[in-house]
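Asker: Just one file: data.txt, with compact mmCIF, C-alpha atoms.
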```txt
# COMPACT_ATOMS: atom_id res chain seq x y z
CA MET A 258 -54.49 -50.81 219.60
CA LEU A 259 -54.35 -47.59 221.62
CA ASN A 260 -52.06 -49.25 224.13
CA THR A 261 -49.61 -50.21 221.36
CA ILE A 262 -49.57 -46.72 219.85
CA LEU A 263 -49.01 -45.11 223.24
CA SER A 264 -46.25 -47.60 224.06
CA VAL A 265 -44.42 -46.76 220.83
CA ILE A 266 -44.76 -43.02 221.54
CA PHE A 267 -43.55 -43.62 225.09
CA VAL A 268 -40.41 -45.45 223.91
CA ILE A 269 -39.62 -42.75 221.35
CA VAL A 270 -40.05 -39.99 223.97
CA CYS A 271 -37.80 -41.92 226.39
CA VAL A 272 -35.00 -42.33 223.84
CA VAL A 273 -35.17 -38.71 222.64
CA LEU A 274 -35.32 -37.37 226.21
CA SER A 275 -32.29 -39.43 227.20
CA ALA A 276 -30.33 -38.21 224.18
CA ILE A 277 -31.19 -34.55 224.81
CA VAL A 278 -30.23 -34.75 228.48
CA LEU A 279 -26.87 -36.27 227.52
CA MET A 280 -26.26 -33.52 224.94
CA GLN A 281 -26.59 -30.74 227.51
CA GLU A 282 -23.56 -29.19 229.17
CA GLY A 283 -23.01 -29.49 232.89
CA ARG A 284 -23.76 -26.53 235.14
CA ASP A 285 -20.18 -26.33 236.39
CA GLN A 286 -18.69 -25.67 232.97
CA GLY A 287 -17.75 -22.07 232.38
CA LEU A 288 -14.91 -19.60 232.39
CA GLY A 289 -13.76 -20.15 235.95
CA ALA A 290 -12.71 -16.93 237.72
CA ILE A 291 -14.73 -14.66 235.45
CA GLY A 292 -17.79 -16.88 235.65
CA GLY A 293 -19.91 -14.16 237.26
CA MET A 294 -19.42 -11.83 234.33
CA ALA A 295 -20.03 -14.63 231.83
CA ASP A 296 -23.13 -15.76 233.70
CA SER A 297 -24.75 -12.34 233.47
CA TYR A 298 -24.20 -12.18 229.70
CA TRP A 299 -25.07 -15.84 229.22
CA GLY A 300 -28.28 -15.44 231.21
CA LYS A 301 -29.48 -12.78 228.76
CA ILE A 302 -28.93 -14.82 225.60
CA ARG A 303 -29.45 -18.33 227.01
CA GLY A 304 -32.99 -18.70 225.68
CA ARG A 305 -31.84 -18.07 222.12
CA SER A 306 -28.85 -20.39 222.25
CA VAL A 307 -28.64 -24.08 221.50
CA GLU A 308 -28.38 -24.79 225.24
CA GLY A 309 -31.55 -22.81 225.90
CA THR A 310 -33.36 -24.70 223.18
CA LEU A 311 -32.23 -28.02 224.65
CA GLU A 312 -33.49 -26.96 228.08
CA LYS A 313 -36.91 -26.02 226.70
CA LEU A 314 -37.12 -29.25 224.73
CA THR A 315 -36.17 -31.22 227.86
CA LYS A 316 -39.02 -29.62 229.80
CA VAL A 317 -41.55 -30.32 227.03
CA LEU A 318 -40.43 -33.93 226.64
CA ALA A 319 -40.46 -34.48 230.42
CA VAL A 320 -44.08 -33.31 230.60
CA LEU A 321 -44.96 -35.48 227.59
CA PHE A 322 -43.21 -38.43 229.27
CA LEU A 323 -45.28 -38.00 232.41
CA LEU A 324 -48.55 -37.57 230.52
CA VAL A 325 -48.02 -40.62 228.31
CA ALA A 326 -46.97 -42.70 231.33
CA PHE A 327 -50.10 -41.59 233.18
CA VAL A 328 -52.37 -42.39 230.23
CA LEU A 329 -50.69 -45.76 229.71
CA ASN A 330 -51.31 -46.59 233.36
CA ILE A 331 -55.01 -45.72 233.03
CA VAL A 332 -55.55 -47.50 229.70
CA LYS A 333 -53.87 -50.70 230.89
```
When written as structure tokens, how does the structure in this file appear?
Answerer:
Amino acid sequence: MLNTILSVIFVIVCVVLSAIVLMQEGRDQGLGAIGGMADSYWGKIRGRSVEGTLEKLTKVLAVLFLLVAFVLNIVK
């Protein structure tokens, strides 16, 4: 029973993590020649933007992915 519940959670985390990674912008996207100026401003507000939220959610889901995979390996 526990193995089934953890497997379902694992699949859901995998699908959501994949979707969030695909939604993120690439690092090379920007304003080109004035990228340095944009980076300094963007760095200040990045945590409050949608991109910052996606990055935080990616980190949380990656840790959850590893934990559930570890527990599934032990329970099996």
Asker: Grab the atom CA of A:Gln281 to atom CA of A:Val320 distance for me, in Å with one decimal place.
Answerer: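 Spanning atom CA of A:Gln281 to atom CA of A:Val320 is a straight-line distance of 17.9 Å.
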Asker: Could you check which of A:Gly309, A:Val317, A:Ile331, A:Leu324 is closest to A:Leu274, using all atoms listed in the file?
Answerer: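 Closest to A:Leu274, using all atoms listed in the file: A:Val317.
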Asker: Given all atoms listed in the file as the basis, pick out the residue of A:Lys313, A:Glu308, A:Gly283, A:Ala319 nearest to A:Val270.
Answerer: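 Using all atoms listed in the file, A:Val270 sits closest to A:Ala319.
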Asker: Would you kindly return, as a list of chain:residue names, each protein, DNA or RNA residue with an atom no farther than 12 Å from any atom of A:Val325, considering only C-alpha atoms and excluding same-chain residues fewer than 3 positions away?
Answerer: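 In the requested format, the answer is A:Leu259, A:Asn260, A:Thr261, A:Ile262, A:Leu263, A:Ser264, A:Val265, A:Ile266, A:Phe267, A:Val268, A:Ile269, A:Val270, A:Cys271, A:Leu318, A:Ala319, A:Val320, A:Leu321, A:Phe322, A:Val328, A:Leu329, A:Asn330, A:Ile331, A:Val332, A:Lys333.
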Asker: Just the number, please: distance in Å from atom CA of A:Val273 to atom CA of A:Thr315, one decimal.
Answerer: 9.2 Å
Asker: Report the distance between atom CA of A:Leu323 and atom CA of A:Glu282 in Å, rounded to one decimal place.
Answerer: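 Computing the Euclidean distance for atom CA of A:Leu323 and atom CA of A:Glu282 yields 23.7 Å.
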Asker: Around all the atoms of stretch 306-319 of chain A listed in the file, with 8 Å of room on each side, what axis-aligned box do you get, giving centre and edge lengths in Å to one decimal, as lines of an AutoDock Vina configuration file?
Answerer:
```
center_x = -35.0
center_y = -27.4
center_z = 226.0
size_x = 29.2
size_y = 30.1
size_z = 24.9
```
